[in-house]
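Enquirer: Below is the file final-v9.pdb, with PDB, C-alpha atoms and all ligand atoms.
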```pdb
ATOM      1  CA  MET G   1       1.690  17.763  20.136
ATOM      2  CA  ASN G   2      -1.957  17.717  19.129
ATOM      3  CA  ILE G   3      -4.085  15.205  21.092
ATOM      4  CA  VAL G   4      -5.156  13.322  17.956
ATOM      5  CA  LYS G   5      -1.520  12.682  17.097
ATOM      6  CA  GLU G   6      -0.737  11.639  20.656
ATOM      7  CA  LEU G   7      -3.629   9.178  20.568
ATOM      8  CA  ALA G   8      -2.517   7.765  17.207
ATOM      9  CA  LEU G   9       1.053   7.236  18.368
ATOM     10  CA  SER G  10      -0.117   5.720  21.672
ATOM     11  CA  LEU G  11      -2.075   3.139  19.656
ATOM     12  CA  GLY G  12       1.082   2.068  17.832
ATOM     13  CA  PHE G  13       0.845   4.015  14.587
ATOM     14  CA  ASP G  14       4.307   5.076  13.467
ATOM     15  CA  ALA G  15       3.338   8.569  12.323
ATOM     16  CA  CYS G  16       0.326  10.835  12.161
ATOM     17  CA  GLY G  17      -0.368  14.106  10.341
ATOM     18  CA  ILE G  18      -3.419  16.286   9.828
ATOM     19  CA  ALA G  19      -4.530  18.201   6.724
ATOM     20  CA  LYS G  20      -7.372  20.629   6.151
ATOM     21  CA  ALA G  21     -10.171  19.025   4.142
ATOM     22  CA  GLU G  22     -10.416  20.824   0.821
ATOM     23  CA  ALA G  23     -10.734  20.094  -2.869
ATOM     24  CA  LEU G  24      -7.666  18.603  -4.560
ATOM     25  CA  THR G  25      -7.878  20.812  -7.619
ATOM     26  CA  GLU G  26      -4.482  19.973  -9.147
ATOM     27  CA  ASP G  27      -4.961  16.266  -8.542
ATOM     28  CA  ALA G  28      -8.354  16.428 -10.207
ATOM     29  CA  SER G  29      -6.905  17.593 -13.516
ATOM     30  CA  TYR G  30      -3.972  15.165 -13.271
ATOM     31  CA  LEU G  31      -6.296  12.260 -12.492
ATOM     32  CA  ARG G  32      -8.684  13.158 -15.304
ATOM     33  CA  HIS G  33      -5.802  13.129 -17.769
ATOM     34  CA  TRP G  34      -4.311   9.899 -16.313
ATOM     35  CA  LEU G  35      -7.647   8.101 -16.619
ATOM     36  CA  ALA G  36      -8.284   9.469 -20.110
ATOM     37  CA  GLU G  37      -4.980   7.925 -21.207
ATOM     38  CA  GLY G  38      -6.169   4.545 -19.899
ATOM     39  CA  ASN G  39      -3.318   4.135 -17.387
ATOM     40  CA  GLN G  40      -5.706   2.416 -14.955
ATOM     41  CA  GLY G  41      -6.069  -0.653 -17.215
ATOM     42  CA  ASP G  42      -8.760  -2.982 -15.839
ATOM     43  CA  MET G  43      -9.046  -1.075 -12.562
ATOM     44  CA  HIS G  44     -12.285   0.587 -13.622
ATOM     45  CA  TYR G  45     -13.252   1.330 -10.025
ATOM     46  CA  LEU G  46     -10.749   4.211 -10.275
ATOM     47  CA  GLU G  47     -13.037   5.868 -12.816
ATOM     48  CA  ARG G  48     -16.003   5.886 -10.453
ATOM     49  CA  ASN G  49     -16.801   8.494  -7.778
ATOM     50  CA  PHE G  50     -14.485  11.032  -9.370
ATOM     51  CA  GLU G  51     -15.915  14.040  -7.502
ATOM     52  CA  LYS G  52     -15.698  12.246  -4.158
ATOM     53  CA  ARG G  53     -12.131  11.190  -4.897
ATOM     54  CA  VAL G  54     -10.959  14.744  -5.340
ATOM     55  CA  ASP G  55     -12.968  16.393  -2.546
ATOM     56  CA  PRO G  56     -13.324  14.782   0.909
ATOM     57  CA  ARG G  57     -16.172  17.174   1.757
ATOM     58  CA  ILE G  58     -18.263  15.472  -0.925
ATOM     59  CA  LEU G  59     -17.184  12.006   0.211
ATOM     60  CA  VAL G  60     -17.872  12.706   3.900
ATOM     61  CA  PRO G  61     -20.332  15.582   4.349
ATOM     62  CA  GLY G  62     -19.211  17.913   7.132
ATOM     63  CA  CYS G  63     -15.574  16.791   6.885
ATOM     64  CA  LYS G  64     -13.156  19.491   8.055
ATOM     65  CA  SER G  65      -9.957  17.577   8.840
ATOM     66  CA  VAL G  66      -8.185  14.644   7.245
ATOM     67  CA  VAL G  67      -6.143  12.646   9.757
ATOM     68  CA  VAL G  68      -3.533  10.422   8.143
ATOM     69  CA  VAL G  69      -1.683   7.637   9.952
ATOM     70  CA  LEU G  70       1.217   5.460   8.847
ATOM     71  CA  LEU G  71       2.136   1.943   9.927
ATOM     72  CA  ASN G  72       5.613   0.710   9.068
ATOM     73  CA  TYR G  73       5.513  -2.741   7.450
ATOM     74  CA  PHE G  74       9.152  -3.301   6.513
ATOM     75  CA  PRO G  75       9.518  -6.952   7.562
ATOM     76  CA  PRO G  76      12.033  -8.200  10.136
ATOM     77  CA  GLU G  77      12.513 -11.382   8.057
ATOM     78  CA  HIS G  78      12.482 -11.826   4.292
ATOM     79  CA  GLN G  79      11.497 -14.586   1.905
ATOM     80  CA  ASN G  80      13.714 -17.487   0.932
ATOM     81  CA  PRO G  81      15.674 -16.036  -2.030
ATOM     82  CA  LEU G  82      14.707 -19.094  -4.121
ATOM     83  CA  ALA G  83      10.979 -18.498  -3.697
ATOM     84  CA  PRO G  84       8.667 -16.767  -6.165
ATOM     85  CA  LYS G  85       8.573 -13.199  -4.871
ATOM     86  CA  ILE G  86       5.673 -11.806  -2.872
ATOM     87  CA  ALA G  87       5.579  -8.044  -2.205
ATOM     88  CA  LYS G  88       6.407  -7.219   1.398
ATOM     89  CA  TYR G  89       3.031  -5.657   2.102
ATOM     90  CA  ALA G  90       1.448  -9.105   1.659
ATOM     91  CA  TYR G  91       3.743 -11.014   4.044
ATOM     92  CA  SER G  92       1.414 -10.803   7.037
ATOM     93  CA  ALA G  93      -0.926 -13.690   7.886
ATOM     94  CA  VAL G  94      -3.666 -11.131   8.513
ATOM     95  CA  ASP G  95      -4.483  -8.769   5.654
ATOM     96  CA  TYR G  96      -3.140  -5.295   6.407
ATOM     97  CA  HIS G  97      -6.572  -3.815   5.641
ATOM     98  CA  SER G  98      -8.008  -5.547   8.733
ATOM     99  CA  VAL G  99      -5.010  -4.650  10.880
ATOM    100  CA  LEU G 100      -5.248  -0.971   9.968
ATOM    101  CA  LYS G 101      -9.024  -0.802  10.134
ATOM    102  CA  THR G 102      -9.039  -2.249  13.649
ATOM    103  CA  LYS G 103      -6.481   0.317  14.758
ATOM    104  CA  LEU G 104      -8.356   3.147  13.041
ATOM    105  CA  MET G 105     -11.522   2.120  14.899
ATOM    106  CA  GLU G 106      -9.628   2.309  18.191
ATOM    107  CA  LEU G 107      -8.379   5.763  17.236
ATOM    108  CA  GLU G 108     -11.866   6.861  16.275
ATOM    109  CA  HIS G 109     -13.204   5.630  19.608
ATOM    110  CA  LYS G 110     -10.588   7.625  21.519
ATOM    111  CA  ILE G 111     -11.220  10.744  19.427
ATOM    112  CA  CYS G 112     -14.939  10.506  20.204
ATOM    113  CA  GLU G 113     -14.142  10.198  23.924
ATOM    114  CA  THR G 114     -12.005  13.342  23.706
ATOM    115  CA  TYR G 115     -13.900  15.551  21.243
ATOM    116  CA  GLY G 116     -17.423  14.125  21.461
ATOM    117  CA  ALA G 117     -19.428  11.899  19.122
ATOM    118  CA  GLU G 118     -20.154  14.837  16.787
ATOM    119  CA  SER G 119     -16.472  14.876  15.780
ATOM    120  CA  ILE G 120     -17.264  12.079  13.319
ATOM    121  CA  ASN G 121     -20.001  11.754  10.701
ATOM    122  CA  ASN G 122     -21.315   8.305  11.510
ATOM    123  CA  ASN G 123     -23.868   8.362   8.703
ATOM    124  CA  VAL G 124     -21.248   7.553   6.087
ATOM    125  CA  GLN G 125     -17.973   5.671   5.867
ATOM    126  CA  HIS G 126     -15.304   7.970   7.301
ATOM    127  CA  SER G 127     -12.224   5.792   7.788
ATOM    128  CA  PHE G 128     -10.336   4.424   4.831
ATOM    129  CA  VAL G 129      -7.618   1.926   4.031
ATOM    130  CA  ASP G 130      -7.058   1.500   0.320
ATOM    131  CA  SER G 131     -10.729   0.775  -0.168
ATOM    132  CA  ALA G 132     -12.571   3.909  -1.166
ATOM    133  CA  PRO G 133     -12.216   6.916  -3.411
ATOM    134  CA  VAL G 134      -9.476   8.564  -1.362
ATOM    135  CA  LEU G 135      -6.106   9.749  -2.676
ATOM    136  CA  GLU G 136      -4.302   8.512   0.437
ATOM    137  CA  ARG G 137      -0.769   9.334  -0.656
ATOM    138  CA  ARG G 138      -1.713  12.885  -1.573
ATOM    139  CA  TRP G 139      -3.408  13.352   1.803
ATOM    140  CA  ALA G 140      -0.355  11.969   3.569
ATOM    141  CA  GLU G 141       1.774  14.511   1.696
ATOM    142  CA  ARG G 142      -0.595  17.355   2.575
ATOM    143  CA  ALA G 143      -0.571  16.193   6.195
ATOM    144  CA  GLY G 144       3.207  16.702   6.269
ATOM    145  CA  LEU G 145       4.059  12.994   6.378
ATOM    146  CA  GLY G 146       6.431  12.973   3.422
ATOM    147  CA  TRP G 147       6.326  13.324  -0.326
ATOM    148  CA  ILE G 148       5.238  11.203  -3.265
ATOM    149  CA  GLY G 149       8.443   9.930  -4.842
ATOM    150  CA  LYS G 150       9.055   9.325  -8.521
ATOM    151  CA  HIS G 151       8.030   5.701  -7.870
ATOM    152  CA  THR G 152       4.597   7.181  -6.951
ATOM    153  CA  GLN G 153       4.724   5.974  -3.337
ATOM    154  CA  LEU G 154       4.788   8.102  -0.215
ATOM    155  CA  ILE G 155       8.263   8.529   1.303
ATOM    156  CA  HIS G 156       8.268   9.466   4.980
ATOM    157  CA  PRO G 157      11.597  11.151   5.898
ATOM    158  CA  GLY G 158      11.982   8.925   8.984
ATOM    159  CA  ILE G 159      10.402   5.665   7.805
ATOM    160  CA  GLY G 160      10.812   5.457   4.029
ATOM    161  CA  SER G 161       8.049   4.107   1.807
ATOM    162  CA  TYR G 162       7.252   0.741   3.398
ATOM    163  CA  ALA G 163       4.304   2.112   5.339
ATOM    164  CA  PHE G 164       0.582   1.495   5.124
ATOM    165  CA  ILE G 165      -1.609   4.583   5.022
ATOM    166  CA  GLY G 166      -4.867   4.949   6.929
ATOM    167  CA  VAL G 167      -7.194   7.955   6.698
ATOM    168  CA  LEU G 168      -9.810   9.202   9.129
ATOM    169  CA  MET G 169     -12.083  12.091   8.171
ATOM    170  CA  LEU G 170     -13.268  14.270  11.046
ATOM    171  CA  SER G 171     -15.965  16.913  11.373
ATOM    172  CA  ILE G 172     -13.865  19.120  13.673
ATOM    173  CA  GLU G 173     -11.169  21.665  12.936
ATOM    174  CA  LEU G 174      -7.695  20.870  14.219
ATOM    175  CA  PRO G 175      -4.223  22.417  13.878
ATOM    176  CA  TYR G 176      -2.962  21.481  10.409
ATOM    177  CA  ASP G 177       0.489  20.363   9.327
ATOM    178  CA  ALA G 178       2.391  22.054   6.534
ATOM    179  CA  PRO G 179       2.550  19.941   3.365
ATOM    180  CA  ALA G 180       5.903  18.236   2.841
ATOM    181  CA  ALA G 181       8.161  19.181  -0.071
ATOM    182  CA  GLY G 182       9.582  16.611  -2.507
ATOM    183  CA  ARG G 183      13.123  15.386  -1.814
ATOM    184  CA  CYS G 184      13.854  13.048  -4.712
ATOM    185  CA  GLY G 185      16.119  15.655  -6.288
ATOM    186  CA  SER G 186      17.830  14.458  -9.451
ATOM    187  CA  CYS G 187      17.614  10.771  -8.459
ATOM    188  CA  ILE G 188      15.962   8.476 -11.014
ATOM    189  CA  ARG G 189      16.992   5.098  -9.601
ATOM    190  CA  CYS G 190      13.435   3.775  -9.402
ATOM    191  CA  ILE G 191      12.724   4.774 -13.005
ATOM    192  CA  ASP G 192      15.901   3.078 -14.210
ATOM    193  CA  ALA G 193      15.269  -0.068 -12.142
ATOM    194  CA  CYS G 194      11.684  -0.693 -13.238
ATOM    195  CA  PRO G 195      11.909  -3.742 -15.527
ATOM    196  CA  THR G 196       8.716  -2.929 -17.426
ATOM    197  CA  HIS G 197       9.299   0.833 -17.797
ATOM    198  CA  ALA G 198       6.090   1.640 -15.951
ATOM    199  CA  LEU G 199       7.389   4.895 -14.412
ATOM    200  CA  LYS G 200       7.637   8.173 -16.266
ATOM    201  CA  ASN G 201       7.788  11.773 -15.011
ATOM    202  CA  GLY G 202       6.415  10.948 -11.558
ATOM    203  CA  SER G 203       3.542   9.012 -13.098
ATOM    204  CA  MET G 204       2.850   5.311 -13.423
ATOM    205  CA  ASP G 205       1.299   3.386 -16.266
ATOM    206  CA  ALA G 206      -0.436   0.707 -14.190
ATOM    207  CA  ARG G 207      -0.837  -1.458 -17.292
ATOM    208  CA  ARG G 208       2.927  -1.969 -17.328
ATOM    209  CA  CYS G 209       3.399  -2.347 -13.567
ATOM    210  CA  ILE G 210       4.150  -5.847 -12.259
ATOM    211  CA  SER G 211       1.890  -5.230  -9.255
ATOM    212  CA  TYR G 212      -1.023  -4.712 -11.611
ATOM    213  CA  LEU G 213      -0.021  -7.494 -13.980
ATOM    214  CA  THR G 214       0.349 -10.112 -11.239
ATOM    215  CA  ILE G 215      -2.793  -9.188  -9.261
ATOM    216  CA  GLU G 216      -5.319  -6.994 -11.057
ATOM    217  CA  SER G 217      -4.949  -7.730 -14.750
ATOM    218  CA  LYS G 218      -8.019  -9.687 -15.862
ATOM    219  CA  ASN G 219      -6.573 -11.122 -19.062
ATOM    220  CA  GLY G 220      -3.383 -12.702 -17.839
ATOM    221  CA  ILE G 221       0.087 -11.260 -18.285
ATOM    222  CA  PRO G 222       0.760 -10.122 -21.873
ATOM    223  CA  THR G 223       3.639 -11.984 -23.522
ATOM    224  CA  GLU G 224       5.658  -8.773 -23.909
ATOM    225  CA  PHE G 225       6.005  -8.534 -20.097
ATOM    226  CA  GLN G 226       6.441 -12.209 -19.211
ATOM    227  CA  SER G 227      10.233 -12.085 -19.366
ATOM    228  CA  ASP G 228      10.355  -8.954 -17.203
ATOM    229  CA  LEU G 229       8.679 -10.199 -14.032
ATOM    230  CA  SER G 230      12.024 -10.626 -12.228
ATOM    231  CA  GLY G 231      10.646 -13.529 -10.183
ATOM    232  CA  ASN G 232       7.644 -11.566  -8.892
ATOM    233  CA  VAL G 233       4.347 -13.443  -8.659
ATOM    234  CA  LEU G 234       2.377 -11.158  -6.377
ATOM    235  CA  GLY G 235       3.193  -7.463  -6.410
ATOM    236  CA  CYS G 236       6.616  -5.934  -6.898
ATOM    237  CA  ASP G 237       9.019  -4.060  -4.612
ATOM    238  CA  ILE G 238      11.784  -3.322  -7.103
ATOM    239  CA  CYS G 239      11.334   0.469  -7.292
ATOM    240  CA  ALA G 240      10.963   0.697  -3.506
ATOM    241  CA  ASP G 241      13.949  -1.563  -2.822
ATOM    242  CA  VAL G 242      16.331   0.552  -4.904
ATOM    243  CA  CYS G 243      15.197   3.863  -3.404
ATOM    244  CA  PRO G 244      18.054   5.380  -1.385
ATOM    245  CA  TRP G 245      15.564   6.610   1.226
ATOM    246  CA  ASN G 246      14.456   3.047   1.897
ATOM    247  CA  ILE G 247      18.021   1.762   1.857
ATOM    248  CA  LYS G 248      18.841   4.364   4.499
ATOM    249  CA  LEU G 249      15.658   4.330   6.573
ATOM    250  CA  ALA G 250      13.763   1.060   6.306
ATOM    251  CA  THR G 251      13.736  -0.492   9.765
ATOM    252  CA  PRO G 252      11.969  -3.745  10.665
ATOM    253  CA  HIS G 253       8.542  -3.164  12.147
ATOM    254  CA  ASP G 254       7.604  -4.495  15.565
ATOM    255  CA  HIS G 255       3.896  -4.962  14.891
ATOM    256  CA  GLU G 256       3.014  -8.429  16.126
ATOM    257  CA  ASN G 257      -0.201  -8.480  14.077
ATOM    258  CA  LEU G 258       1.794  -8.112  10.838
ATOM    259  CA  SER G 259       3.617 -11.423  11.372
ATOM    260  CA  PRO G 260       3.691 -13.860   8.443
ATOM    261  CA  TRP G 261       1.913 -17.206   8.466
ATOM    262  CA  ARG G 262       3.709 -19.848  10.471
ATOM    263  CA  ASN G 263       2.726 -23.432  11.194
ATOM    264  CA  ASP G 264       1.937 -23.192  14.876
ATOM    265  CA  ASP G 265       1.121 -26.893  15.163
ATOM    266  CA  ILE G 266       4.796 -27.633  14.781
ATOM    267  CA  LYS G 267       6.589 -24.901  16.696
ATOM    268  CA  ASN G 268       9.419 -24.705  14.264
ATOM    269  CA  ILE G 269      10.837 -21.649  12.563
ATOM    270  CA  ASP G 270      11.319 -23.657   9.346
ATOM    271  CA  ASN G 271       7.570 -23.684   8.935
ATOM    272  CA  SER G 272       7.296 -19.974   8.359
ATOM    273  CA  MET G 273       5.825 -19.095   4.960
ATOM    274  CA  LEU G 274       8.937 -17.013   4.393
ATOM    275  CA  ASP G 275      11.092 -20.153   4.408
ATOM    276  CA  TRP G 276       9.274 -21.917   1.566
ATOM    277  CA  ASP G 277      11.323 -22.492  -1.564
ATOM    278  CA  PHE G 278      10.140 -22.381  -5.181
ATOM    279  CA  GLU G 279       8.926 -25.999  -5.170
ATOM    280  CA  LYS G 280       6.871 -25.546  -2.043
ATOM    281  CA  TRP G 281       5.029 -22.612  -3.624
ATOM    282  CA  GLN G 282       4.717 -24.413  -6.924
ATOM    283  CA  HIS G 283       3.095 -27.480  -5.383
ATOM    284  CA  LEU G 284       0.819 -25.694  -2.976
ATOM    285  CA  THR G 285      -2.705 -27.099  -3.362
ATOM    286  CA  LYS G 286      -5.827 -24.981  -3.535
ATOM    287  CA  ASP G 287      -6.959 -26.312  -0.143
ATOM    288  CA  GLU G 288      -3.640 -25.390   1.447
ATOM    289  CA  PHE G 289      -3.701 -21.981  -0.212
ATOM    290  CA  ASN G 290      -7.227 -21.259   1.028
ATOM    291  CA  ARG G 291      -6.484 -22.473   4.542
ATOM    292  CA  ILE G 292      -3.094 -20.823   4.979
ATOM    293  CA  PHE G 293      -3.958 -17.507   3.345
ATOM    294  CA  ALA G 294      -7.601 -17.283   4.463
ATOM    295  CA  TYR G 295      -7.018 -13.897   6.125
ATOM    296  CA  SER G 296      -4.028 -12.732   4.115
ATOM    297  CA  ALA G 297      -3.687 -10.156   1.319
ATOM    298  CA  ILE G 298      -2.233 -13.036  -0.762
ATOM    299  CA  LYS G 299      -5.743 -14.503  -0.988
ATOM    300  CA  ARG G 300      -6.905 -11.408  -2.870
ATOM    301  CA  ALA G 301      -4.853 -12.337  -5.931
ATOM    302  CA  GLY G 302      -6.504 -15.756  -5.904
ATOM    303  CA  PHE G 303      -5.024 -19.239  -6.175
ATOM    304  CA  GLU G 304      -5.392 -19.587  -9.962
ATOM    305  CA  LYS G 305      -3.814 -16.228 -10.727
ATOM    306  CA  MET G 306      -0.877 -16.919  -8.457
ATOM    307  CA  LYS G 307      -0.363 -20.399  -9.926
ATOM    308  CA  GLN G 308      -0.405 -18.935 -13.436
ATOM    309  CA  ASN G 309       2.186 -16.371 -12.422
ATOM    310  CA  ILE G 310       4.400 -19.060 -10.891
ATOM    311  CA  GLU G 311       4.115 -21.106 -14.108
ATOM    312  CA  ILE G 312       5.212 -18.128 -16.193
ATOM    313  CA  ILE G 313       8.244 -17.618 -13.960
ATOM    314  CA  GLU G 314       9.030 -21.342 -14.146
ATOM    315  CA  LYS G 315       8.598 -21.457 -17.928
ATOM    316  CA  LYS G 316      10.818 -18.478 -18.441
ATOM    317  CA  ASN G 317      13.204 -19.933 -15.859
ATOM    318  CA  LEU G 318      13.329 -16.573 -14.139
ATOM    319  CA  HIS G 319      13.513 -17.550 -10.516
TER     320      HIS G 319
HETATM  321  S1  LIG I 401       6.291  -1.880  -8.669
HETATM  322 FE1  LIG I 401       7.783  -2.882 -10.034
HETATM  323  S2  LIG I 401       6.834  -2.838 -12.074
HETATM  324 FE2  LIG I 401       5.687  -1.395 -10.772
HETATM  325  S3  LIG I 401       6.662   0.572 -11.129
HETATM  326 FE3  LIG I 401       7.722  -0.321  -9.365
HETATM  327  S4  LIG I 401       9.476  -1.449 -10.258
HETATM  328 FE4  LIG I 401       8.043  -0.987 -11.903
HETATM  329  S1  LIG I 402      14.531   6.050  -6.091
HETATM  330 FE1  LIG I 402      15.128   8.207  -6.168
HETATM  331  S2  LIG I 402      13.639   9.134  -7.562
HETATM  332 FE2  LIG I 402      12.805   7.164  -6.980
HETATM  333  S3  LIG I 402      11.480   7.630  -5.265
HETATM  334 FE3  LIG I 402      13.488   7.109  -4.413
HETATM  335  S4  LIG I 402      14.557   9.064  -4.184
HETATM  336 FE4  LIG I 402      12.820   9.403  -5.529
END
```
Could you show the structure in this file as structure tokens?
Expert:
Amino acid sequence: MNIVKELALSLGFDACGIAKAEALTEDASYLRHWLAEGNQGDMHYLERNFEKRVDPRILVPGCKSVVVVLLNYFPPEHQNPLAPKIAKYAYSAVDYHSVLKTKLMELEHKICETYGAESINNNVQHSFVDSAPVLERRWAERAGLGWIGKHTQLIHPGIGSYAFIGVLMLSIELPYDAPAAGRCGSCIRCIDACPTHALKNGSMDARRCISYLTIESKNGIPTEFQSDLSGNVLGCDICADVCPWNIKLATPHDHENLSPWRNDDIKNIDNSMLDWDFEKWQHLTKDEFNRIFAYSAIKRAGFEKMKQNIEIIEKKNLH
């Protein structure tokens, strides 16, 4: 196994693949069309840095290899079934961006020790977690880590789709993995299960997706979707939950730093955020929210937005 992969796995990443840095020509035309149709909704940042998004050599000058790592986040414990639903990626007390970035920095450090400081272009940002113009899922696919399913998420053939993706761009050539082929076959379970009909032909209309509506949408949730939230107030896992690959493969992670918030003052399992019922979420004060979720991905949605979403669920009696 290549040393970079060995280092990544020794640091606790669940998978690692490597792709040659080159222009994503097909993705460029797909993305141009997708944006022109307005599928991005209010996420205007997706319109910026187009050239960088489709060519890592423009994003990181001197980039030759794209190293992609995965971190399984399928939780060992799940939310109280009576609670307003939070997507699994947001369960952890510490935002997954920080968890992954810290690990990517460790990996980078080890790579520099092995290949020399010139293996990384330190003049620009070169490691990415959901935060820059990088098509992470496509790079994961090109790095042999799985395929992008019809629900538009990466499916790793040994982990499923509950995995965070981190990307490190290197200035050295490495042995490259063969891109993975799609294995959805004739299945359309995710498309059928999506309550807002956001999925079509392997593409997603973000404006219809509950993840977008409950977190990103600036103008509240349009009335036409309010009855379709299926109890979700922050993100949505419906299409991932019904995927047969996840049903077969999803295994609880053992990453301590992805543990959910728990009241450590009272060492009592009942004080885990996952145990809260609908009322507890509904009556959470802004101070509590800010204190408890200070470092969590839940904070990104914001207190007001989450409260509004809970009210909609309550009003429609959908929990
Ligand atoms: S996350 Fe939910 S709303 Fe979005 S595509 Fe999947 S099932 Fe549909
Ligand atoms: S539910 Fe079926 S079609 Fe959708 S991503 Fe999973 S395997 Fe592919």
Enquirer: State, in Å with one decimal place, the distance from CA of Lys307 (chain G) to CA of Lys286 (chain G).
Expert: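 CA of Lys307 (chain G) sits 9.6 Å away from CA of Lys286 (chain G).
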Enquirer: Show me which residues are within 9 Å of ligand LIG 401 (chain I) counting only C-alpha atoms and all ligand atoms, and format the list as a ChimeraX atom specification.
Expert: /G:87,151-152,190-199,204-206,208-213,228-229,232,235-242
Enquirer: List every residue of chain G that has an atom at most 6 Å from any atom of ligand LIG 402 (chain I), giving for each one its closest atom pair and the distance in Å to one decimal, counting only C-alpha atoms and all ligand atoms, sorted by chain and then by ascending residue number, as JSON lines.
Expert:
```
{"residue": "G:Gly149", "atom": "CA", "partner": "I:LIG402", "partner_atom": "S3", "distance": 3.8}
{"residue": "G:Lys150", "atom": "CA", "partner": "I:LIG402", "partner_atom": "S3", "distance": 4.4}
{"residue": "G:His151", "atom": "CA", "partner": "I:LIG402", "partner_atom": "S3", "distance": 4.7}
{"residue": "G:Cys184", "atom": "CA", "partner": "I:LIG402", "partner_atom": "FE4", "distance": 3.9}
{"residue": "G:Cys187", "atom": "CA", "partner": "I:LIG402", "partner_atom": "FE1", "distance": 4.2}
{"residue": "G:Ile188", "atom": "CA", "partner": "I:LIG402", "partner_atom": "S2", "distance": 4.2}
{"residue": "G:Arg189", "atom": "CA", "partner": "I:LIG402", "partner_atom": "S1", "distance": 4.4}
{"residue": "G:Cys190", "atom": "CA", "partner": "I:LIG402", "partner_atom": "S1", "distance": 4.2}
{"residue": "G:Val242", "atom": "CA", "partner": "I:LIG402", "partner_atom": "S1", "distance": 5.9}
{"residue": "G:Cys243", "atom": "CA", "partner": "I:LIG402", "partner_atom": "S1", "distance": 3.5}
{"residue": "G:Pro244", "atom": "CA", "partner": "I:LIG402", "partner_atom": "FE3", "distance": 5.7}
```
Enquirer: Keeping only C-alpha atoms, write those residues as an mmCIF file, in the coordinates of the input.
Expert:
```
data_model
loop_
_atom_site.group_PDB
_atom_site.id
_atom_site.type_symbol
_atom_site.label_atom_id
_atom_site.label_comp_id
_atom_site.auth_asym_id
_atom_site.auth_seq_id
_atom_site.Cartn_x
_atom_site.Cartn_y
_atom_site.Cartn_z
ATOM 1 C CA GLY G 149 8.443 9.930 -4.842
ATOM 2 C CA LYS G 150 9.055 9.325 -8.521
ATOM 3 C CA HIS G 151 8.030 5.701 -7.870
ATOM 4 C CA CYS G 184 13.854 13.048 -4.712
ATOM 5 C CA CYS G 187 17.614 10.771 -8.459
ATOM 6 C CA ILE G 188 15.962 8.476 -11.014
ATOM 7 C CA ARG G 189 16.992 5.098 -9.601
ATOM 8 C CA CYS G 190 13.435 3.775 -9.402
ATOM 9 C CA VAL G 242 16.331 0.552 -4.904
ATOM 10 C CA CYS G 243 15.197 3.863 -3.404
ATOM 11 C CA PRO G 244 18.054 5.380 -1.385
#
```
Enquirer: Determine, counting only C-alpha atoms, which protein, DNA and RNA residues have an atom within 9 Å of an atom of region 26-30 of chain G; residues of the same chain fewer than 2 positions away are not included. Present the result as number ranges by chain.
Expert: G: 23-24, 32-35, 50-51, 53-55, 135, 138
Enquirer: Since I can't run it myself right now, could you work out what the PyMOL selection byres (((chain G and resi 70-85) around 6) and not hetatm) selects here and report it as JSON, numbers by chain?
Expert: {"G": [13, 14, 15, 69, 86, 162, 163, 164, 165, 231, 232, 233, 252, 253, 274, 275, 277, 278]}
Enquirer: Can you list what the PyMOL selection byres (((chain G and resi 157-161) around 8) and not hetatm) grabs from this structure, as an MDAnalysis selection string?
Expert: chainID G and resid 72 145:146 153:156 162:163 240 245:246 249:251
Enquirer: What does the structure give for the distance between CA of Val134 (chain G) and CA of Val167 (chain G), in Å to one decimal?
Expert: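 So the two atoms, CA of Val134 (chain G) and CA of Val167 (chain G), lie 8.4 Å apart.
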